[in-house]
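Text of the file target15.txt, holding compact mmCIF, C-alpha atoms:
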# COMPACT_ATOMS: atom_id res chain seq x y z
CA MET X 290 -7.59 -1.37 -2.70
CA ALA X 291 -3.82 -1.28 -2.47
CA MET X 292 -1.72 -2.22 -5.44
CA SER X 293 -3.36 -4.46 -8.01
CA GLY X 294 -1.51 -7.63 -8.88
CA CYS X 295 -3.54 -8.11 -12.03
CA THR X 296 -2.22 -8.35 -15.56
CA ASP X 297 -3.64 -4.90 -16.41
CA TYR X 298 -1.56 -3.27 -13.69
CA GLN X 299 1.62 -5.06 -14.74
CA ALA X 300 1.02 -4.02 -18.35
CA ALA X 301 0.57 -0.40 -17.27
CA GLU X 302 3.70 -0.43 -15.14
CA ASN X 303 5.72 -2.11 -17.88
CA SER X 304 4.61 0.56 -20.35
CA TYR X 305 5.60 3.28 -17.88
CA TYR X 306 9.12 1.97 -17.37
CA ARG X 307 9.57 1.48 -21.12
CA GLY X 308 8.86 5.17 -21.51
CA ASP X 309 5.57 4.55 -23.36
CA TYR X 310 3.73 7.05 -21.21
CA GLU X 311 0.63 7.47 -23.37
CA THR X 312 -0.09 3.75 -23.18
CA ALA X 313 0.73 3.69 -19.47
CA PHE X 314 -1.68 6.53 -18.80
CA LYS X 315 -4.51 4.82 -20.67
CA LYS X 316 -3.94 1.64 -18.69
CA PHE X 317 -3.44 3.29 -15.28
CA LEU X 318 -6.51 5.55 -15.51
CA PRO X 319 -9.28 2.90 -15.23
CA LEU X 320 -7.35 1.16 -12.44
CA ALA X 321 -7.00 4.45 -10.57
CA VAL X 322 -10.71 5.20 -10.96
CA GLN X 323 -11.43 1.76 -9.49
CA GLY X 324 -9.35 2.70 -6.44
CA ASP X 325 -5.94 1.17 -7.13
CA LEU X 326 -3.60 3.22 -4.92
CA ALA X 327 -0.43 2.55 -6.90
CA ALA X 328 -2.18 3.52 -10.15
CA GLN X 329 -3.40 6.74 -8.50
CA TYR X 330 0.17 7.48 -7.44
CA TYR X 331 1.52 6.86 -10.93
CA LEU X 332 -1.08 9.18 -12.45
CA GLY X 333 0.05 11.83 -9.99
CA MET X 334 3.63 11.35 -11.07
CA MET X 335 2.68 11.53 -14.73
CA TYR X 336 0.75 14.77 -14.29
CA LYS X 337 3.57 16.20 -12.18
CA SER X 338 6.18 15.47 -14.85
CA GLY X 339 4.02 15.81 -17.97
CA GLN X 340 4.55 12.18 -18.97
CA GLY X 341 1.95 11.17 -21.56
CA VAL X 342 -0.29 14.05 -20.48
CA SER X 343 -0.07 17.82 -20.25
CA GLN X 344 1.82 18.79 -17.10
CA ASP X 345 -0.66 19.78 -14.39
CA ASP X 346 0.38 20.15 -10.76
CA GLN X 347 -3.18 20.47 -9.49
CA LYS X 348 -4.22 17.17 -11.07
CA ALA X 349 -1.06 15.61 -9.70
CA VAL X 350 -2.05 16.73 -6.21
CA THR X 351 -5.57 15.35 -6.69
CA TRP X 352 -4.28 11.87 -7.50
CA PHE X 353 -1.57 11.93 -4.85
CA ARG X 354 -4.13 12.95 -2.23
CA LEU X 355 -6.53 10.13 -3.15
CA ALA X 356 -3.84 7.54 -2.53
CA ALA X 357 -2.25 9.40 0.40
CA GLU X 358 -5.50 9.61 2.35
CA GLN X 359 -5.79 5.82 2.08
CA GLY X 360 -2.31 5.31 3.51
CA TYR X 361 -0.12 4.77 0.42
CA ALA X 362 3.35 5.85 1.59
CA PRO X 363 4.83 6.90 -1.80
CA ALA X 364 1.79 9.11 -2.42
CA ARG X 365 2.02 10.59 1.08
CA THR X 366 5.65 11.44 0.38
CA ALA X 367 4.84 12.95 -3.01
CA LEU X 368 2.01 15.02 -1.53
CA GLY X 369 4.29 16.23 1.23
CA MET X 370 6.84 17.36 -1.33
CA MET X 371 4.15 19.18 -3.32
CA TYR X 372 3.32 21.15 -0.17
CA LYS X 373 7.03 21.67 0.46
CA SER X 374 7.63 23.20 -2.96
CA GLY X 375 4.22 24.84 -3.42
CA GLN X 376 3.32 22.87 -6.55
CA GLY X 377 -0.40 22.61 -7.18
CA VAL X 378 -1.08 23.76 -3.59
CA SER X 379 -0.06 26.71 -1.45
CA GLN X 380 3.42 26.23 -0.02
CA ASP X 381 3.03 24.93 3.53
CA ASP X 382 5.95 23.41 5.44
CA GLN X 383 3.74 22.21 8.28
CA GLU X 384 1.42 20.36 5.92
CA ALA X 385 4.48 18.96 4.15
CA ALA X 386 5.89 17.73 7.46
CA LYS X 387 2.55 16.11 8.34
CA TRP X 388 2.41 13.97 5.19
CA LEU X 389 6.10 13.16 5.22
CA ARG X 390 5.90 12.01 8.83
CA LEU X 391 2.98 9.70 8.07
CA ALA X 392 5.00 8.08 5.30
CA ALA X 393 8.18 8.05 7.37
CA GLU X 394 6.42 6.27 10.23
CA GLN X 395 5.43 3.58 7.72
CA GLY X 396 9.13 2.94 7.14
CA PHE X 397 9.34 4.61 3.72
CA SER X 398 13.00 5.57 3.41
CA LEU X 399 12.53 8.51 1.03
CA ALA X 400 10.11 10.13 3.48
CA GLN X 401 12.39 9.37 6.43
CA ASN X 402 15.22 11.20 4.71
CA TYR X 403 13.05 14.22 3.94
CA GLN X 404 11.73 14.20 7.51
CA GLY X 405 15.31 14.32 8.74
CA TYR X 406 16.08 17.19 6.41
CA MET X 407 13.10 19.19 7.66
CA TYR X 408 14.23 18.72 11.25
CA TYR X 409 17.73 19.73 10.19
CA GLU X 410 16.53 22.93 8.52
CA GLY X 411 13.71 23.65 10.97
CA GLN X 412 11.14 23.71 8.17
CA GLY X 413 7.61 23.02 9.42
CA LEU X 414 9.18 21.50 12.54
CA PRO X 415 11.43 22.81 15.31
CA GLN X 416 15.07 22.61 14.31
CA ASP X 417 16.40 19.52 16.06
CA TYR X 418 19.64 17.87 14.97
CA GLY X 419 19.00 14.87 17.20
CA GLU X 420 15.69 14.19 15.45
CA ALA X 421 17.36 14.77 12.09
CA VAL X 422 19.95 12.12 12.93
CA LYS X 423 17.21 9.72 14.03
CA TRP X 424 15.35 9.93 10.73
CA PHE X 425 18.48 9.97 8.57
CA ARG X 426 19.64 6.82 10.36
CA LEU X 427 16.35 5.00 9.82
CA ALA X 428 16.60 5.63 6.07
CA ALA X 429 20.35 5.01 5.97
CA ASP X 430 19.91 1.63 7.65
CA GLN X 431 17.64 0.69 4.75
CA GLY X 432 20.41 1.50 2.30
CA TYR X 433 19.07 4.86 1.10
CA ALA X 434 22.15 6.60 -0.29
CA SER X 435 21.11 10.22 0.25
CA ALA X 436 20.34 9.49 3.90
CA GLN X 437 23.68 7.72 4.31
CA ASN X 438 25.38 10.83 2.95
CA ASN X 439 23.38 13.06 5.27
CA LEU X 440 24.17 10.90 8.27
CA GLY X 441 27.84 11.00 7.32
CA ALA X 442 27.69 14.80 7.29
CA MET X 443 26.10 14.86 10.75
CA TYR X 444 28.99 12.80 12.12
CA ALA X 445 31.58 14.86 10.24
CA ASN X 446 30.17 18.11 11.64
CA GLY X 447 29.19 16.83 15.08
CA GLN X 448 25.55 17.82 14.69
CA GLY X 449 23.11 15.78 16.78
CA VAL X 450 25.90 13.28 17.50
CA PRO X 451 29.47 13.60 18.81
CA GLN X 452 31.87 14.42 15.98
CA ASP X 453 33.28 11.15 14.71
CA TYR X 454 35.23 11.10 11.46
CA HIS X 455 35.40 7.31 11.40
CA GLU X 456 31.59 7.07 11.48
CA ALA X 457 31.41 9.83 8.87
CA ILE X 458 33.72 7.84 6.58
CA LYS X 459 31.62 4.71 7.06
CA TRP X 460 28.39 6.39 5.95
CA TYR X 461 29.98 8.47 3.20
CA ARG X 462 31.55 5.34 1.75
CA LEU X 463 28.27 3.41 1.75
CA ALA X 464 26.60 6.25 -0.16
CA ALA X 465 29.58 6.81 -2.44
CA GLU X 466 29.53 3.16 -3.45
CA GLN X 467 25.96 3.73 -4.61
CA GLU X 468 27.21 6.56 -6.82
CA ASP X 469 25.93 9.38 -4.64
CA ALA X 470 27.91 12.32 -6.08
CA SER X 471 27.75 14.39 -2.90
CA ALA X 472 29.06 11.52 -0.79
CA GLN X 473 31.84 10.87 -3.29
CA GLY X 474 32.90 14.50 -3.03
CA SER X 475 32.75 14.42 0.76
CA LEU X 476 34.78 11.22 0.85
CA GLY X 477 37.35 12.89 -1.37
CA GLY X 478 37.53 15.75 1.09
CA MET X 479 38.12 13.39 3.99
CA TYR X 480 41.04 11.76 2.14
CA GLU X 481 42.41 15.17 1.16
CA LEU X 482 42.47 16.36 4.79
CA GLY X 483 43.20 13.03 6.43
CA GLN X 484 40.02 13.04 8.52
CA GLY X 485 39.13 9.54 9.71
CA VAL X 486 41.53 8.05 7.17
CA PRO X 487 45.23 8.56 6.39
CA GLN X 488 45.75 11.56 4.11
CA ASP X 489 45.85 10.22 0.55
CA TYR X 490 45.81 12.53 -2.47
CA VAL X 491 45.43 9.62 -4.87
CA LEU X 492 42.15 8.46 -3.30
CA ALA X 493 41.06 12.06 -2.78
CA HIS X 494 41.53 12.77 -6.49
CA MET X 495 39.75 9.53 -7.44
CA TRP X 496 36.66 10.33 -5.38
CA PHE X 497 36.57 13.97 -6.48
CA ASN X 498 36.91 12.82 -10.07
CA LEU X 499 34.03 10.36 -9.72
CA SER X 500 31.86 13.02 -8.09
CA ALA X 501 32.66 15.60 -10.76
CA SER X 502 31.87 13.12 -13.53
CA GLN X 503 28.32 12.94 -12.15
CA GLY X 504 27.97 16.70 -11.90
CA GLY X 505 28.90 17.04 -8.25
CA GLU X 506 29.12 20.83 -8.10
CA ASP X 507 31.53 21.00 -5.15
CA ALA X 508 33.95 18.62 -6.82
CA VAL X 509 34.14 19.96 -10.37
CA LYS X 510 37.24 22.13 -9.92
CA ILE X 511 38.88 20.24 -7.06
CA PRO X 512 40.59 17.41 -9.01
CA ASP X 513 42.71 19.98 -10.88
CA ALA X 514 43.65 21.68 -7.61
CA ILE X 515 44.60 18.38 -5.98
CA ALA X 516 46.61 17.42 -9.06
CA THR X 517 49.06 20.27 -8.37
CA LEU X 518 50.02 18.49 -5.12
CA MET X 519 50.58 15.12 -6.79
CA THR X 520 53.41 13.53 -8.72
CA PRO X 521 52.70 12.42 -12.30
CA ALA X 522 52.75 8.80 -11.09
CA GLN X 523 50.19 9.56 -8.36
CA LEU X 524 47.95 11.37 -10.81
CA ALA X 525 48.12 8.48 -13.26
CA GLU X 526 47.22 6.06 -10.45
CA ALA X 527 44.23 8.19 -9.37
CA GLN X 528 42.95 8.34 -12.94
CA ARG X 529 43.41 4.59 -13.35
CA LEU X 530 41.45 3.90 -10.17
CA ALA X 531 38.63 6.17 -11.31
CA ARG X 532 38.46 4.46 -14.72
CA GLU X 533 38.38 1.02 -13.12
CA TRP X 534 35.64 2.10 -10.76
CA LYS X 535 33.50 3.33 -13.62
CA ALA X 536 34.21 0.20 -15.65
CA LYS X 537 32.91 -1.98 -12.84
CA GLY X 538 29.63 -0.09 -12.98
CA LYS X 539 29.81 0.92 -9.34

If you took the structure in this file and wrote it as structure tokens, what would it be?
Amino acid sequence: MAMSGCTDYQAAENSYYRGDYETAFKKFLPLAVQGDLAAQYYLGMMYKSGQGVSQDDQKAVTWFRLAAEQGYAPARTALGMMYKSGQGVSQDDQEAAKWLRLAAEQGFSLAQNYQGYMYYEGQGLPQDYGEAVKWFRLAADQGYASAQNNLGAMYANGQGVPQDYHEAIKWYRLAAEQEDASAQGSLGGMYELGQGVPQDYVLAHMWFNLSASQGGEDAVKIPDAIATLMTPAQLAEAQRLAREWKAKGK
């Protein structure tokens, strides 16, 4: 059985997203035992994170595997990542790549992005930038911000595709507008150096500022460094733009 559309399932899911994990667990468990794949996946997530139950990676793997073996893409992705990190199972990049590919071929964007990353790093698969670009693009085309950022980096660095700063800007911007901190920092760097866009310290500072406010490690110290190159009026404008961006909830 795939995902149950019954009232019991909706009640369990509602409890989960309210943060009432003990109630969610009690409601998901009988559904999972009956074969509901989404409920099995949620139990895996709850054991993995210790939500409403004692944290237990092995039990998480058990529930993920039950749903993954029946074709549930989120569970296949989660199981792949457990193999990737060695949680509840022996670390095995090849087994991770196997489960991630199954989910990626189902069109699951999270798995597609991870599949691209594994090709990029050569983990469990031969290093292949062209394949990395292929999988990043599939996820990016679905609007997945991390994949958009990764695809932007491939264009910026000329890996698997000809170097193209304009394409890099396009993908960085799409991810940055979804509040991807890494993409915001990268976009700031492009404005700082004038790559694919006219050099603009005001916009560079704005994007670095937005990235740093979300904990973007590469951008934390950069706004202060950029500020030394700016006039007081430019700095005030950059700060105003950043405040307005945050106020819009972007």

Once you count all atoms listed in the file, which residues end up no further than 8 Å from (19.4, 15.8, 16.4) in the file's frame, shown as a list of chain:residue names?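 All residues meeting the 8 Å criterion around (19.4, 15.8, 16.4) are X:Tyr408, X:Tyr409, X:Asp417, X:Tyr418, X:Gly419, X:Glu420, X:Ala421, X:Val422, X:Lys423, X:Gln448, X:Gly449, X:Val450.
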
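Within 12 Å of Ala445 in chain X, once all atoms listed in the file are used and residues closer than 4 positions along the same chain are dropped, the contacting residues are Asn438, Asn439, Leu440, Gly441, Gly449, Val450, Pro451, Gln452, Asp453, Tyr454, His455, Glu456, Ala457, Ile458, Lys459, Trp460, Tyr461, Ala472, Ser475, Leu476, Gly478, Met479, Gln484 and Gly485 of chain X.
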
Using all atoms listed in the file, find the one residue out of X:Tyr433, X:Met495, X:Ala514, X:Val342 that sits nearest to Arg532 in chain X. X:Met495

Can you list, as a ChimeraX atom specification, every protein, DNA or RNA residue that comes within 9 Å of range 336-338 of chain X when you count only C-alpha atoms, leaving out same-chain residues fewer than 5 positions away? /X:331,343-350,352,376

Go ahead and save the picked residues with C-alpha atoms, as an mmCIF file, in the coordinates of the input.
data_model
loop_
_atom_site.group_PDB
_atom_site.id
_atom_site.type_symbol
_atom_site.label_atom_id
_atom_site.label_comp_id
_atom_site.auth_asym_id
_atom_site.auth_seq_id
_atom_site.Cartn_x
_atom_site.Cartn_y
_atom_site.Cartn_z
ATOM 1 C CA TYR X 331 1.520 6.860 -10.930
ATOM 2 C CA SER X 343 -0.070 17.820 -20.250
ATOM 3 C CA GLN X 344 1.820 18.790 -17.100
ATOM 4 C CA ASP X 345 -0.660 19.780 -14.390
ATOM 5 C CA ASP X 346 0.380 20.150 -10.760
ATOM 6 C CA GLN X 347 -3.180 20.470 -9.490
ATOM 7 C CA LYS X 348 -4.220 17.170 -11.070
ATOM 8 C CA ALA X 349 -1.060 15.610 -9.700
ATOM 9 C CA VAL X 350 -2.050 16.730 -6.210
ATOM 10 C CA TRP X 352 -4.280 11.870 -7.500
ATOM 11 C CA GLN X 376 3.320 22.870 -6.550
#

Would you kindly return, as a ChimeraX atom specification, each protein, DNA or RNA residue with an atom no farther than 8 Å from any atom of range 362-367 of chain X, considering all atoms listed in the file and excluding same-chain residues fewer than 6 positions away? /X:330,353-354,356,388-389,391-393,395,397,399-400
